[in-house]
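Undergrad: This is the content of input_20.txt (compact mmCIF, C-alpha atoms):
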```txt
# COMPACT_ATOMS: atom_id res chain seq x y z
CA MET A 1432 -13.90 -23.23 14.18
CA ASP A 1433 -15.89 -20.56 12.36
CA ALA A 1434 -15.23 -19.70 8.73
CA LEU A 1435 -13.18 -16.55 9.38
CA ALA A 1436 -10.94 -18.36 11.86
CA LEU A 1437 -10.55 -21.27 9.46
CA ILE A 1438 -9.47 -18.94 6.66
CA ALA A 1439 -6.99 -17.10 8.89
CA ALA A 1440 -5.60 -20.31 10.39
CA GLU A 1441 -4.43 -21.69 7.03
CA PRO A 1442 -3.91 -18.72 4.70
CA GLY A 1443 -2.02 -20.84 2.20
CA ARG A 1444 -5.32 -22.57 1.41
CA ALA A 1445 -7.46 -19.43 1.13
CA ALA A 1446 -8.25 -16.46 -1.12
CA LEU A 1447 -9.17 -12.87 -0.33
CA PHE A 1448 -11.31 -11.01 -2.87
CA LEU A 1449 -11.53 -7.27 -2.27
CA ASP A 1450 -13.40 -4.43 -3.94
CA VAL A 1451 -11.39 -1.20 -4.17
CA ASP A 1452 -13.62 1.88 -3.90
CA GLY A 1453 -15.62 1.85 -0.70
CA VAL A 1454 -13.65 -1.07 0.77
CA LEU A 1455 -9.94 -0.39 0.41
CA ALA A 1456 -10.25 3.27 -0.59
CA PRO A 1457 -12.79 5.72 0.90
CA ILE A 1458 -15.43 6.99 -1.52
CA VAL A 1459 -14.56 10.48 -2.79
CA PRO A 1460 -16.56 12.96 -4.90
CA ARG A 1461 -14.21 12.65 -7.90
CA PRO A 1462 -13.22 9.05 -8.84
CA GLU A 1463 -9.83 10.20 -10.10
CA ASP A 1464 -8.97 11.39 -6.56
CA SER A 1465 -9.38 7.95 -5.00
CA SER A 1466 -6.46 6.50 -3.05
CA VAL A 1467 -5.75 3.64 -0.67
CA PRO A 1468 -4.31 4.77 2.69
CA ALA A 1469 -0.73 3.81 3.51
CA GLY A 1470 -1.81 1.63 6.44
CA THR A 1471 -4.13 -0.38 4.21
CA ARG A 1472 -1.37 -0.83 1.65
CA HIS A 1473 0.91 -2.14 4.38
CA GLU A 1474 -1.65 -4.75 5.38
CA LEU A 1475 -2.27 -5.79 1.76
CA ALA A 1476 1.45 -6.28 1.16
CA ARG A 1477 1.63 -8.45 4.28
CA LEU A 1478 -1.41 -10.49 3.26
CA ALA A 1479 -0.03 -11.03 -0.24
CA GLN A 1480 2.85 -12.89 1.38
CA ARG A 1481 0.58 -15.05 3.57
CA TYR A 1482 -2.41 -15.98 1.42
CA ALA A 1483 -2.55 -18.20 -1.62
CA LEU A 1484 -4.41 -15.46 -3.49
CA VAL A 1485 -5.28 -11.83 -2.82
CA ALA A 1486 -7.29 -10.24 -5.63
CA CYS A 1487 -8.83 -6.84 -6.21
CA VAL A 1488 -12.07 -7.28 -8.14
CA THR A 1489 -13.30 -3.85 -9.16
CA GLY A 1490 -15.26 -1.72 -11.55
CA ARG A 1491 -12.10 0.20 -12.32
CA THR A 1492 -9.83 -1.05 -15.07
CA GLY A 1493 -7.19 -3.42 -13.79
CA ASP A 1494 -4.39 -0.96 -14.56
CA VAL A 1495 -6.12 1.91 -12.74
CA ALA A 1496 -6.88 -0.33 -9.77
CA ARG A 1497 -3.22 -1.36 -9.63
CA ALA A 1498 -2.19 2.30 -9.55
CA ILE A 1499 -4.73 3.21 -6.86
CA VAL A 1500 -3.91 0.26 -4.60
CA GLY A 1501 -0.19 0.39 -5.29
CA VAL A 1502 0.70 -3.08 -4.00
CA ASP A 1503 2.58 -5.74 -5.95
CA GLY A 1504 1.76 -9.41 -5.59
CA LEU A 1505 -2.03 -8.95 -5.91
CA ARG A 1506 -4.26 -9.98 -8.82
CA TYR A 1507 -6.17 -7.07 -10.34
CA ILE A 1508 -9.39 -7.92 -12.20
CA GLY A 1509 -11.11 -4.87 -13.65
CA GLN A 1510 -14.42 -3.72 -15.06
CA HIS A 1511 -16.49 -6.15 -13.00
CA GLY A 1512 -14.91 -9.19 -14.61
CA LEU A 1513 -15.33 -8.01 -18.21
CA GLU A 1514 -11.56 -8.01 -18.66
CA LEU A 1515 -11.62 -11.81 -18.36
CA ASP A 1516 -14.25 -12.24 -21.10
CA PRO A 1517 -12.89 -11.99 -24.69
CA ALA A 1518 -16.41 -11.41 -26.03
CA ALA A 1519 -16.64 -8.03 -24.28
CA ALA A 1520 -14.01 -6.40 -26.50
CA ALA A 1521 -16.18 -6.82 -29.59
CA TRP A 1522 -18.72 -4.43 -28.05
CA ALA A 1523 -16.31 -1.68 -27.01
CA ASP A 1524 -16.86 0.51 -30.09
CA ARG A 1525 -20.64 0.38 -29.67
CA VAL A 1526 -20.40 1.29 -26.00
CA HIS A 1527 -18.15 4.24 -26.79
CA ALA A 1528 -20.39 5.37 -29.66
CA PHE A 1529 -23.34 5.31 -27.28
CA ALA A 1530 -21.42 7.41 -24.76
CA ARG A 1531 -20.69 10.02 -27.43
CA ALA A 1532 -24.34 10.10 -28.45
CA TRP A 1533 -25.44 10.47 -24.81
CA PRO A 1534 -22.94 12.85 -23.18
CA TRP A 1535 -23.03 13.63 -19.46
CA PRO A 1536 -21.12 16.18 -17.35
CA TRP A 1537 -19.55 13.46 -15.18
CA GLN A 1538 -19.12 10.75 -17.78
CA GLU A 1539 -16.23 8.29 -17.46
CA CYS A 1540 -15.36 6.20 -20.51
CA LYS A 1541 -13.39 3.03 -19.83
CA PRO A 1542 -12.04 0.53 -22.38
CA LEU A 1543 -15.16 -1.64 -22.19
CA THR A 1544 -17.80 0.43 -20.39
CA ALA A 1545 -19.14 3.94 -19.87
CA ALA A 1546 -19.96 5.27 -16.41
CA TYR A 1547 -22.44 8.09 -15.73
CA HIS A 1548 -21.66 9.45 -12.27
CA TYR A 1549 -24.08 11.76 -10.51
CA ARG A 1550 -22.52 12.26 -7.07
CA LEU A 1551 -21.59 15.84 -8.00
CA ALA A 1552 -24.96 16.70 -9.55
CA PRO A 1553 -26.66 19.72 -7.90
CA ASP A 1554 -29.90 17.71 -7.58
CA GLU A 1555 -29.27 13.98 -7.27
CA ALA A 1556 -32.95 13.06 -7.67
CA THR A 1557 -33.25 15.02 -10.93
CA ALA A 1558 -30.00 13.52 -12.21
CA ARG A 1559 -31.28 10.04 -11.47
CA VAL A 1560 -34.44 10.70 -13.49
CA GLU A 1561 -32.36 12.00 -16.41
CA LEU A 1562 -30.15 8.92 -16.30
CA GLU A 1563 -33.18 6.64 -16.39
CA ALA A 1564 -33.63 7.92 -19.96
CA VAL A 1565 -29.99 7.08 -20.70
CA ALA A 1566 -30.49 3.58 -19.33
CA THR A 1567 -33.59 3.07 -21.45
CA ALA A 1568 -31.74 4.19 -24.58
CA ALA A 1569 -28.82 1.87 -23.82
CA LEU A 1570 -31.12 -1.11 -23.46
CA ALA A 1571 -32.78 -0.21 -26.76
CA GLU A 1572 -29.32 -0.35 -28.37
CA GLY A 1573 -28.83 -3.89 -27.12
CA LEU A 1574 -26.41 -2.90 -24.36
CA HIS A 1575 -26.61 -3.76 -20.67
CA THR A 1576 -26.94 -1.30 -17.80
CA ARG A 1577 -26.13 -1.49 -14.11
CA TRP A 1578 -26.83 0.92 -11.26
CA GLY A 1579 -24.33 1.38 -8.44
CA ARG A 1580 -23.49 3.94 -5.78
CA MET A 1581 -24.37 7.22 -7.52
CA VAL A 1582 -23.51 5.81 -10.94
CA LEU A 1583 -25.13 4.24 -13.99
CA GLU A 1584 -22.92 1.95 -16.04
CA VAL A 1585 -23.44 1.07 -19.69
CA LEU A 1586 -21.68 -2.14 -20.65
CA PRO A 1587 -21.47 -4.96 -23.20
CA PRO A 1588 -24.27 -7.56 -23.17
CA VAL A 1589 -22.10 -10.43 -21.97
CA GLU A 1590 -22.50 -12.53 -18.83
CA ALA A 1591 -19.47 -11.22 -16.97
CA THR A 1592 -19.73 -10.08 -13.36
CA LYS A 1593 -17.62 -9.90 -10.25
CA GLY A 1594 -19.07 -13.32 -9.51
CA THR A 1595 -17.79 -14.86 -12.74
CA ALA A 1596 -14.39 -13.31 -12.03
CA VAL A 1597 -14.29 -14.84 -8.55
CA ARG A 1598 -15.33 -18.25 -9.84
CA HIS A 1599 -12.67 -18.05 -12.57
CA LEU A 1600 -9.94 -17.33 -10.00
CA LEU A 1601 -11.19 -20.03 -7.63
CA ASP A 1602 -11.28 -22.62 -10.42
CA GLU A 1603 -7.86 -21.53 -11.61
CA SER A 1604 -6.33 -21.82 -8.15
CA GLY A 1605 -8.32 -24.78 -6.82
CA LEU A 1606 -8.94 -22.93 -3.54
CA ARG A 1607 -12.01 -23.81 -1.45
CA ARG A 1608 -11.82 -21.15 1.25
CA ALA A 1609 -12.39 -17.47 0.57
CA LEU A 1610 -13.40 -14.07 1.90
CA TYR A 1611 -15.10 -11.48 -0.30
CA ALA A 1612 -15.51 -7.84 0.75
CA GLY A 1613 -17.68 -5.32 -1.08
CA ASP A 1614 -19.86 -2.27 -0.67
CA ASP A 1615 -22.21 -2.08 -3.66
CA THR A 1616 -24.78 -3.89 -5.77
CA THR A 1617 -22.21 -5.51 -8.05
CA ASP A 1618 -20.63 -7.19 -5.02
CA LEU A 1619 -23.72 -9.33 -4.53
CA ASP A 1620 -22.47 -11.43 -7.45
CA GLY A 1621 -19.15 -11.79 -5.66
CA PHE A 1622 -20.96 -12.91 -2.51
CA ALA A 1623 -22.91 -15.53 -4.47
CA ALA A 1624 -19.72 -16.89 -6.04
CA LEU A 1625 -18.61 -18.14 -2.61
CA ASP A 1626 -21.63 -20.42 -2.25
CA GLY A 1627 -20.62 -24.04 -1.81
CA LEU A 1628 -17.06 -23.43 -0.60
CA ASP A 1629 -15.65 -25.22 2.44
CA ALA A 1630 -15.27 -21.87 4.23
CA ALA A 1631 -16.76 -18.57 3.03
CA VAL A 1632 -16.97 -15.13 4.61
CA ARG A 1633 -18.91 -12.31 2.95
CA VAL A 1634 -18.04 -8.87 4.31
CA ALA A 1635 -20.27 -5.85 3.63
CA VAL A 1636 -18.87 -2.35 4.13
CA VAL A 1637 -22.21 -0.60 4.43
CA SER A 1638 -23.31 2.98 3.83
CA ALA A 1639 -26.50 4.95 3.32
CA GLU A 1640 -25.87 4.76 -0.45
CA GLY A 1641 -25.31 1.01 -0.59
CA PRO A 1642 -27.97 -1.63 -1.22
CA SER A 1643 -29.75 -3.12 1.79
CA GLU A 1644 -29.39 -6.57 0.20
CA LEU A 1645 -25.64 -6.45 0.77
CA GLY A 1646 -26.02 -6.32 4.53
CA GLU A 1647 -28.72 -8.97 4.43
CA ARG A 1648 -26.46 -11.36 2.52
CA ALA A 1649 -23.29 -10.62 4.51
CA ASP A 1650 -21.73 -12.74 7.23
CA LEU A 1651 -19.98 -9.69 8.67
CA ILE A 1652 -21.06 -6.04 8.46
CA LEU A 1653 -18.63 -3.14 8.86
CA GLY A 1654 -19.38 0.57 8.80
CA SER A 1655 -16.32 2.08 7.13
CA THR A 1656 -13.08 1.49 5.26
CA GLU A 1657 -11.28 2.16 8.55
CA ALA A 1658 -13.15 -0.70 10.17
CA PHE A 1659 -12.26 -2.92 7.24
CA VAL A 1660 -8.51 -2.36 7.61
CA GLU A 1661 -8.88 -3.40 11.24
CA LEU A 1662 -10.30 -6.68 9.98
CA LEU A 1663 -7.35 -7.06 7.61
CA ARG A 1664 -5.01 -6.78 10.58
CA GLN A 1665 -6.68 -9.84 12.10
CA LEU A 1666 -5.95 -11.92 9.01
```
Would you put the structure from the file into structure tokens?
TA:
Amino acid sequence: MDALALIAAEPGRAALFLDVDGVLAPIVPRPEDSSVPAGTRHELARLAQRYALVACVTGRTGDVARAIVGVDGLRYIGQHGLELDPAAAAWADRVHAFARAWPWPWQECKPLTAAYHYRLAPDEATARVELEAVATAALAEGLHTRWGRMVLEVLPPVEATKGTAVRHLLDESGLRRALYAGDDTTDLDGFAALDGLDAAVRVAVVSAEGPSELGERADLILGSTEAFVELLRQL
């Protein structure tokens, strides 16, 4: 029995870890307009009743992710796992001060991080060059940076990732079978967190904007959020 079939056969012994934007919700020009389709919500509600754990692991804050997904019975872990690390809060003021010192037309300040989006920039290549300077300045301030799909994130210098969040939830639950679905660079850490499990399935929802490494590391490659909800229906 392959790993996906093994996970689906005994859902009470398995976990599903799902990114939100680009996996459950289609990517949109303005992050605040993101929403999960009703059909996907229906499947998530059903899966929450079947599986030992269904968790949304996202760059959004946990509260915002909960509002976007709109399904009870799921675990919501926000800001790429930073919400699980108490050390991150001590850096929040410095991250926010940096964001004020380096403003950006499409800046999004979160409780622990600052995001510099450039999807709406008139010239994406020029915007990327300008944000390289922001990234350099953030590193000089002792902060960490991370590039994603049309976004630069400035974050606390702590070792918290989607991977550490997944490992935390697996250790907490004692589960040894899991599926992880993602669409961006940060999801590579989530993929790696499944290494060594009894059954692991890594799902990449690919796009022209996403990293090629995601598809290379994946066990299953899908081309859209619509294709991903079809997979959910099989679980």
Undergrad: Specify the axis-aligned box that encloses all atoms of segment 1493-1504 of chain A listed in the file after padding of 8 Å on each side, stating its centre and edge lengths in Å to one decimal as AutoDock Vina command-line options.
TA:
```
--center_x -2.3 --center_y -3.1 --center_z -9.3 --size_x 25.8 --size_y 28.6 --size_z 26.6
```
Undergrad: Please list as a PyMOL selection string every residue within 8 Å of segment 1580-1585 of chain A, counting all atoms listed in the file and excluding residues in the same chain fewer than 6 positions away.
TA: chain A and resi 1526+1544-1550+1562+1566+1569+1574+1615-1616+1640-1641
Undergrad: Got a sec: who's within 12 Å of Glu1590 of chain A, counting only C-alpha atoms, leaving out chain neighbours fewer than 6 positions off, as a PDB file with C-alpha atoms, in the coordinates of the input?
TA:
```pdb
ATOM      1  CA  HIS A1511     -16.490  -6.150 -13.000  1.00  0.00           C
ATOM      2  CA  GLY A1512     -14.910  -9.190 -14.610  1.00  0.00           C
ATOM      3  CA  LEU A1513     -15.330  -8.010 -18.210  1.00  0.00           C
ATOM      4  CA  GLU A1514     -11.560  -8.010 -18.660  1.00  0.00           C
ATOM      5  CA  LEU A1515     -11.620 -11.810 -18.360  1.00  0.00           C
ATOM      6  CA  ASP A1516     -14.250 -12.240 -21.100  1.00  0.00           C
ATOM      7  CA  PRO A1517     -12.890 -11.990 -24.690  1.00  0.00           C
ATOM      8  CA  ALA A1518     -16.410 -11.410 -26.030  1.00  0.00           C
ATOM      9  CA  ALA A1519     -16.640  -8.030 -24.280  1.00  0.00           C
ATOM     10  CA  LEU A1574     -26.410  -2.900 -24.360  1.00  0.00           C
ATOM     11  CA  HIS A1575     -26.610  -3.760 -20.670  1.00  0.00           C
ATOM     12  CA  ALA A1596     -14.390 -13.310 -12.030  1.00  0.00           C
ATOM     13  CA  ASP A1620     -22.470 -11.430  -7.450  1.00  0.00           C
TER      14      ASP A1620
END
```
Undergrad: One decimal, in Å: what's the spacing between atom CA of Val1502 of chain A and atom CA of Ala1476 of chain A?
TA: 6.1 Å
Undergrad: Please determine, counting all atoms listed in the file, which residue among A:Gln1510, A:Gln1665, A:Thr1656, A:Thr1576 has the shortest atom-to-atom distance to Pro1542 of chain A.
TA: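 Smallest separation from Pro1542 of chain A among the options: A:Gln1510.
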Undergrad: For atom CA of Val1467 of chain A and atom CA of Asp1450 of chain A, determine how far apart the two atoms are, in Å to one decimal place.
TA: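 Spanning atom CA of Val1467 of chain A to atom CA of Asp1450 of chain A is a straight-line distance of 11.6 Å.
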Undergrad: Choose the residue, out of A:Arg1664, A:Lys1541, A:Arg1444, A:Arg1477, that has the smallest atom-to-atom separation from Gly1493 of chain A; count all atoms listed in the file.
TA: A:Lys1541
Undergrad: Which of these residues is nearest to Pro1460 of chain A, using all atoms listed in the file: A:Ala1552, A:Leu1600, A:Leu1586, A:Leu1666?
TA: A:Ala1552
Undergrad: From the list A:Leu1645, A:Val1632, A:Ala1624, A:Ala1658, which residue is nearest Leu1601 of chain A when using only C-alpha atoms?
TA: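 Closest candidate: A:Ala1624.
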